[in-house]
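upload_0.cif (mmCIF, C-alpha atoms)
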data_start
loop_
_atom_site.label_atom_id
_atom_site.label_comp_id
_atom_site.auth_asym_id
_atom_site.auth_seq_id
_atom_site.Cartn_x
_atom_site.Cartn_y
_atom_site.Cartn_z
CA MET O 1 60.35 -65.00 -32.02
CA LEU O 2 58.78 -67.55 -29.68
CA VAL O 3 56.79 -66.38 -26.65
CA ALA O 4 56.92 -68.90 -23.78
CA VAL O 5 54.33 -68.53 -21.02
CA ASP O 6 54.58 -70.19 -17.60
CA ILE O 7 51.24 -69.97 -15.79
CA GLY O 8 51.86 -70.83 -12.15
CA ASN O 9 49.75 -70.66 -9.01
CA THR O 10 51.36 -67.41 -7.84
CA ASN O 11 52.67 -65.73 -11.01
CA ILE O 12 52.41 -65.82 -14.77
CA VAL O 13 55.89 -65.42 -16.27
CA LEU O 14 56.44 -64.58 -19.92
CA GLY O 15 59.70 -65.16 -21.77
CA PHE O 16 60.54 -63.75 -25.19
CA LEU O 17 62.87 -66.18 -26.98
CA ASP O 18 64.65 -64.62 -29.94
CA GLY O 19 66.56 -67.57 -31.37
CA ASP O 20 68.78 -68.90 -28.57
CA THR O 21 68.54 -65.61 -26.66
CA ILE O 22 65.98 -64.84 -23.95
CA ALA O 23 65.27 -61.24 -24.93
CA GLY O 24 63.09 -60.43 -21.93
CA THR O 25 61.11 -61.93 -19.06
CA TYR O 26 58.09 -60.41 -17.33
CA ARG O 27 56.01 -61.44 -14.34
CA ILE O 28 52.39 -60.70 -13.41
CA THR O 29 50.22 -61.99 -10.57
CA THR O 30 48.04 -64.98 -11.44
CA LYS O 31 44.38 -63.97 -11.17
CA ALA O 32 41.49 -66.02 -12.48
CA ASN O 33 39.28 -62.96 -12.96
CA HIS O 34 41.52 -61.21 -15.51
CA THR O 35 39.82 -60.95 -18.91
CA SER O 36 41.41 -61.88 -22.22
CA ASP O 37 41.66 -58.15 -23.02
CA GLU O 38 43.59 -57.48 -19.81
CA TYR O 39 46.02 -60.32 -20.52
CA GLY O 40 46.36 -59.10 -24.09
CA LEU O 41 47.24 -55.59 -22.92
CA PHE O 42 49.88 -56.98 -20.54
CA LEU O 43 51.37 -59.04 -23.35
CA THR O 44 51.50 -56.28 -25.98
CA GLU O 45 52.94 -53.77 -23.50
CA PHE O 46 55.68 -56.22 -22.46
CA LEU O 47 56.49 -56.78 -26.13
CA ARG O 48 56.76 -53.03 -26.66
CA MET O 49 59.06 -52.67 -23.63
CA SER O 50 61.40 -55.27 -25.16
CA GLY O 51 61.42 -53.52 -28.53
CA PHE O 52 59.05 -55.92 -30.29
CA GLN O 53 55.67 -55.72 -31.99
CA PRO O 54 52.92 -58.37 -32.07
CA SER O 55 53.86 -59.02 -35.71
CA ASP O 56 57.35 -60.13 -34.54
CA VAL O 57 55.87 -63.13 -32.72
CA ASP O 58 56.07 -66.34 -34.75
CA ASP O 59 54.46 -68.65 -32.21
CA VAL O 60 53.47 -69.11 -28.56
CA ILE O 61 53.87 -72.07 -26.20
CA ILE O 62 52.06 -72.23 -22.84
CA CYS O 63 52.87 -74.28 -19.75
CA SER O 64 50.08 -74.05 -17.16
CA VAL O 65 49.16 -75.60 -13.81
CA VAL O 66 46.11 -73.32 -13.37
CA PRO O 67 43.28 -74.57 -15.61
CA LYS O 68 40.87 -71.79 -14.64
CA VAL O 69 43.21 -69.17 -16.14
CA MET O 70 43.75 -70.96 -19.43
CA HIS O 71 40.56 -69.91 -21.24
CA SER O 72 41.14 -66.18 -20.81
CA PHE O 73 44.87 -66.34 -21.48
CA ARG O 74 44.58 -68.55 -24.52
CA SER O 75 41.84 -66.29 -25.86
CA SER O 76 44.15 -63.29 -25.44
CA ILE O 77 46.81 -64.98 -27.61
CA VAL O 78 44.28 -65.71 -30.34
CA LYS O 79 42.75 -62.22 -30.19
CA PHE O 80 45.91 -60.08 -29.94
CA LEU O 81 48.44 -62.21 -31.83
CA ASP O 82 46.18 -64.25 -34.11
CA ILE O 83 48.02 -67.41 -32.99
CA ASP O 84 46.63 -70.67 -31.62
CA PRO O 85 49.28 -71.46 -28.98
CA MET O 86 50.92 -74.82 -28.35
CA VAL O 87 50.09 -76.12 -24.86
CA VAL O 88 52.41 -78.42 -22.90
CA GLY O 89 50.41 -81.41 -21.76
CA PRO O 90 49.50 -85.05 -22.42
CA GLY O 91 50.65 -86.26 -25.81
CA ILE O 92 53.35 -83.61 -26.22
CA LYS O 93 56.71 -84.90 -27.46
CA THR O 94 59.59 -84.34 -25.04
CA GLY O 95 62.13 -87.00 -26.06
CA MET O 96 62.10 -88.31 -22.48
CA ASN O 97 60.59 -91.45 -21.02
CA VAL O 98 58.15 -90.33 -18.31
CA ARG O 99 58.07 -93.17 -15.80
CA VAL O 100 55.29 -92.31 -13.37
CA ASP O 101 52.13 -94.31 -12.61
CA ASP O 102 49.91 -91.78 -14.38
CA PRO O 103 51.88 -89.63 -16.87
CA LYS O 104 48.84 -87.34 -17.30
CA SER O 105 49.16 -86.33 -13.64
CA LEU O 106 52.66 -84.91 -14.12
CA GLY O 107 52.52 -81.11 -13.97
CA ALA O 108 53.33 -79.29 -17.20
CA ASP O 109 55.83 -77.11 -15.35
CA ILE O 110 57.71 -80.16 -14.05
CA LEU O 111 57.81 -81.62 -17.55
CA ALA O 112 59.23 -78.39 -18.99
CA ASP O 113 61.77 -78.05 -16.16
CA CYS O 114 63.00 -81.60 -16.76
CA ALA O 115 63.31 -81.02 -20.51
CA GLY O 116 65.29 -77.84 -19.88
CA ALA O 117 67.63 -79.50 -17.39
CA TYR O 118 68.17 -82.66 -19.42
CA TYR O 119 68.89 -80.98 -22.75
CA GLU O 120 70.84 -78.06 -21.33
CA TYR O 121 72.96 -79.85 -18.72
CA GLY O 122 72.75 -83.54 -19.60
CA GLY O 123 71.59 -86.46 -17.51
CA PRO O 124 71.13 -87.97 -15.11
CA VAL O 125 69.79 -84.89 -13.38
CA LEU O 126 67.71 -83.96 -10.36
CA VAL O 127 65.57 -80.86 -10.84
CA ALA O 128 64.43 -78.88 -7.79
CA ASP O 129 61.83 -76.19 -8.50
CA PHE O 130 61.40 -73.76 -5.61
CA GLY O 131 58.01 -72.34 -6.52
CA THR O 132 54.73 -72.07 -4.61
CA ALA O 133 55.22 -75.79 -3.97
CA THR O 134 58.71 -77.28 -4.06
CA THR O 135 59.20 -80.25 -6.37
CA PHE O 136 62.12 -82.63 -6.76
CA THR O 137 62.16 -84.66 -9.97
CA HIS O 138 64.74 -87.16 -11.13
CA VAL O 139 64.46 -87.30 -14.91
CA SER O 140 62.87 -90.57 -16.10
CA ASP O 141 62.15 -91.57 -12.52
CA LYS O 142 59.56 -90.71 -9.89
CA GLY O 143 59.43 -87.26 -8.35
CA VAL O 144 58.74 -86.09 -4.82
CA VAL O 145 56.48 -83.14 -3.95
CA THR O 146 56.99 -81.27 -0.66
CA THR O 147 55.56 -78.13 0.91
CA GLY O 148 57.03 -74.99 -0.62
CA ILE O 149 58.76 -72.52 1.67
CA ARG O 150 56.51 -69.69 0.51
CA ALA O 151 53.39 -71.72 1.25
CA GLY O 152 54.80 -72.69 4.65
CA ALA O 153 55.68 -69.12 5.56
CA ALA O 154 52.29 -67.80 4.47
CA ALA O 155 50.58 -70.43 6.61
CA LEU O 156 52.75 -69.44 9.57
CA TRP O 157 51.84 -65.76 9.63
CA GLY O 158 48.33 -66.28 8.26
CA ASP O 159 47.27 -68.54 11.14
CA THR O 160 48.97 -66.67 13.97
CA ALA O 161 47.72 -63.24 14.94
CA GLN O 162 50.91 -61.76 16.37
CA LEU O 163 53.54 -63.01 13.91
CA PRO O 164 54.56 -60.53 11.17
CA GLU O 165 55.17 -61.26 7.50
CA VAL O 166 58.90 -61.57 6.86
CA GLU O 167 61.09 -61.58 3.78
CA ILE O 168 62.38 -65.05 3.01
CA THR O 169 66.12 -64.47 2.94
CA ARG O 170 69.36 -65.74 4.46
CA PRO O 171 69.69 -64.28 7.96
CA ASP O 172 72.97 -62.84 9.20
CA THR O 173 72.88 -65.24 12.12
CA ILE O 174 70.76 -68.10 13.39
CA LEU O 175 70.87 -66.48 16.84
CA GLY O 176 67.82 -64.26 16.36
CA THR O 177 67.19 -61.48 18.86
CA ASN O 178 63.67 -60.51 17.77
CA THR O 179 60.59 -62.12 16.24
CA LYS O 180 61.48 -61.20 12.66
CA THR O 181 65.04 -62.54 12.68
CA CYS O 182 63.96 -65.67 14.58
CA MET O 183 61.31 -66.40 11.95
CA GLN O 184 63.75 -65.80 9.10
CA ALA O 185 66.37 -68.08 10.63
CA GLY O 186 63.84 -70.82 11.34
CA LEU O 187 62.32 -70.72 7.87
CA TYR O 188 65.64 -70.53 6.05
CA TYR O 189 67.60 -73.24 7.83
CA THR O 190 64.66 -75.63 8.24
CA PHE O 191 63.96 -75.46 4.53
CA LEU O 192 67.62 -75.67 3.50
CA GLY O 193 68.10 -78.71 5.71
CA GLY O 194 65.07 -80.36 4.12
CA VAL O 195 66.45 -79.70 0.63
CA GLU O 196 69.82 -81.24 1.47
CA ARG O 197 68.20 -84.27 3.14
CA THR O 198 65.98 -84.85 0.10
CA ILE O 199 68.93 -84.72 -2.32
CA ARG O 200 70.88 -87.20 -0.18
CA GLN O 201 67.86 -89.53 -0.05
CA PHE O 202 67.65 -89.52 -3.85
CA ARG O 203 71.34 -90.48 -4.04
CA LYS O 204 70.82 -93.25 -1.49
CA GLU O 205 67.80 -94.80 -3.20
CA LEU O 206 69.45 -94.49 -6.63
CA GLY O 207 72.44 -96.48 -5.45
CA GLY O 208 74.80 -93.54 -5.13
CA GLU O 209 74.20 -92.36 -8.70
CA ASP O 210 76.24 -89.26 -9.52
CA PHE O 211 73.62 -86.87 -10.91
CA LYS O 212 73.68 -83.11 -11.35
CA VAL O 213 71.36 -81.00 -9.21
CA ILE O 214 69.74 -78.09 -11.06
CA THR O 215 67.49 -75.66 -9.19
CA THR O 216 65.05 -73.08 -10.48
CA GLY O 217 62.07 -71.07 -9.27
CA GLY O 218 61.78 -67.69 -7.62
CA LEU O 219 63.31 -68.79 -4.32
CA GLY O 220 66.13 -70.84 -5.81
CA ARG O 221 68.61 -67.97 -5.77
CA VAL O 222 68.18 -67.63 -2.00
CA PHE O 223 69.85 -71.00 -1.42
CA GLU O 224 72.21 -71.43 -4.38
CA ASN O 225 75.37 -70.29 -2.58
CA ASP O 226 74.73 -71.91 0.78
CA THR O 227 75.03 -75.60 -0.04
CA GLU O 228 77.52 -77.69 -1.99
CA LEU O 229 74.76 -80.08 -3.07
CA ILE O 230 73.34 -77.66 -5.68
CA ASP O 231 75.31 -77.53 -8.95
CA VAL O 232 73.44 -74.85 -10.93
CA TYR O 233 70.69 -72.33 -10.30
CA ASP O 234 68.93 -71.49 -13.58
CA PRO O 235 66.03 -69.01 -13.31
CA ASP O 236 65.18 -69.47 -17.02
CA LEU O 237 65.11 -73.27 -16.96
CA ILE O 238 61.42 -73.60 -17.77
CA PHE O 239 61.74 -71.33 -20.83
CA LYS O 240 64.66 -73.39 -22.12
CA GLY O 241 62.61 -76.52 -21.61
CA MET O 242 59.62 -75.08 -23.46
CA ALA O 243 61.89 -74.07 -26.34
CA HIS O 244 63.19 -77.65 -26.62
CA ILE O 245 59.65 -79.05 -26.43
CA TYR O 246 58.44 -76.60 -29.06
CA SER O 247 61.22 -77.56 -31.47
CA ARG O 248 60.24 -81.23 -31.14
CA ASN O 249 56.57 -80.61 -31.84
CA VAL O 250 56.41 -77.77 -34.34
CA LYS O 251 55.38 -78.76 -37.85
#

Now, as a test, write the supplied structure out as C-alpha cells.
Amino acid sequence: MLVAVDIGNTNIVLGFLDGDTIAGTYRITTKANHTSDEYGLFLTEFLRMSGFQPSDVDDVIICSVVPKVMHSFRSSIVKFLDIDPMVVGPGIKTGMNVRVDDPKSLGADILADCAGAYYEYGGPVLVADFGTATTFTHVSDKGVVTTGIRAGAAALWGDTAQLPEVEITRPDTILGTNTKTCMQAGLYYTFLGGVERTIRQFRKELGGEDFKVITTGGLGRVFENDTELIDVYDPDLIFKGMAHIYSRNVK
C-alpha cells in the first residue's frame, strides 16, 4: 500500500492507496507546532481505522507547500513506519514538460494535480484547485494564481467587527434578506463569476483550444453543478497524481 500525503496551508490530507483503490482519506489541521510523535499517532490511528497496520505500508510519497511542517512530518514517517518518504519537488519525474520561467517555483500540489488530471482524463486540460488559494493551471503552459474564496471570506469577517462568519455554500436566492444570506450570495456568485471568466480567458488566449476543465480542492464541490464550464470535479485528484508520479520514480 502507498500512503500519499498532501500537506497544504490549511489541512494535511492523507490518502491510503491500495493498488488502484483509494482505501481511505483523512484530514487534520496543519499546525507547525505538532511533533513527529503527534503526527505519527495520527497516521497509525488512521491506518487502524481503515483496517491496516504500519507493516502494510510499502512506501510513502509527500506533496507539501508548507516547508516548516516537513521536518516533523517526515520524521514521523521514518520513526513510525521506518520509511524514508519520496517528496514531490524539483527533479522529480512527471512525464510532463513544465513550461514556466522558474520550474522550481511551481508548487508541488499544482504539479501533482496536473499529473493526476493529465493521466486520468487526458490533455489538453485546465486544472482548477479550489484550496486556500485558488489556482488555474493549463498543463504544459503557464498557470494563474488568484485569491481563494476561503481566504477572501476570512479576510472579510476578520477585518470587519460586525460581520459574522458564514458557511460558504450556494444560497437559495441572490436576493438576501439578512446579513448572512447577503454575504453568502455575494461570496458565492462573485467567486463563481470569476472562475467562469478565468476559464473563458484561457480559451481566448489559447486560440479557442478545446480543453477539459477538471476541478479539485475542498470547495470544488460547491460549484461543480452550477456552471457548464466545469467538466469534472475530482476530490482525489492530487492522490491520483502522486500515484502516477510515484510509479515514474520508484526504483

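Minimum atom-to-atom distances from O:Phe73, O:Phe80, O:Tyr189, O:Phe211 to O:Asp231 were compared using all atoms listed in the file, and the lowest value belongs to O:Phe211.
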
* Asked: Which neighbours of O:Arg221 fall inside 12 Å, counting all atoms listed in the file, when residues of the same chain fewer than 6 positions from it are skipped, and could you give them as a PyMOL selection string?
  -> chain O and resi 128-131+168-170+214-215+227+230+232-236

* **Spatial neighbours of stretch 53-70 of chain O, 9 Å, all atoms listed in the file, chain gap at least 6 places, as a count of residues only** => 37

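The closest residue to O:Leu14, picked from O:Phe46, O:Val125, O:Leu41, O:Cys182 and counting all atoms listed in the file, is O:Phe46.
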
* Test item: the PyMOL selection byres ((chain O and resi 196) around 12) resolved as number ranges by chain -> O: 128, 136, 189-195, 197-203, 213, 223-224, 226-230
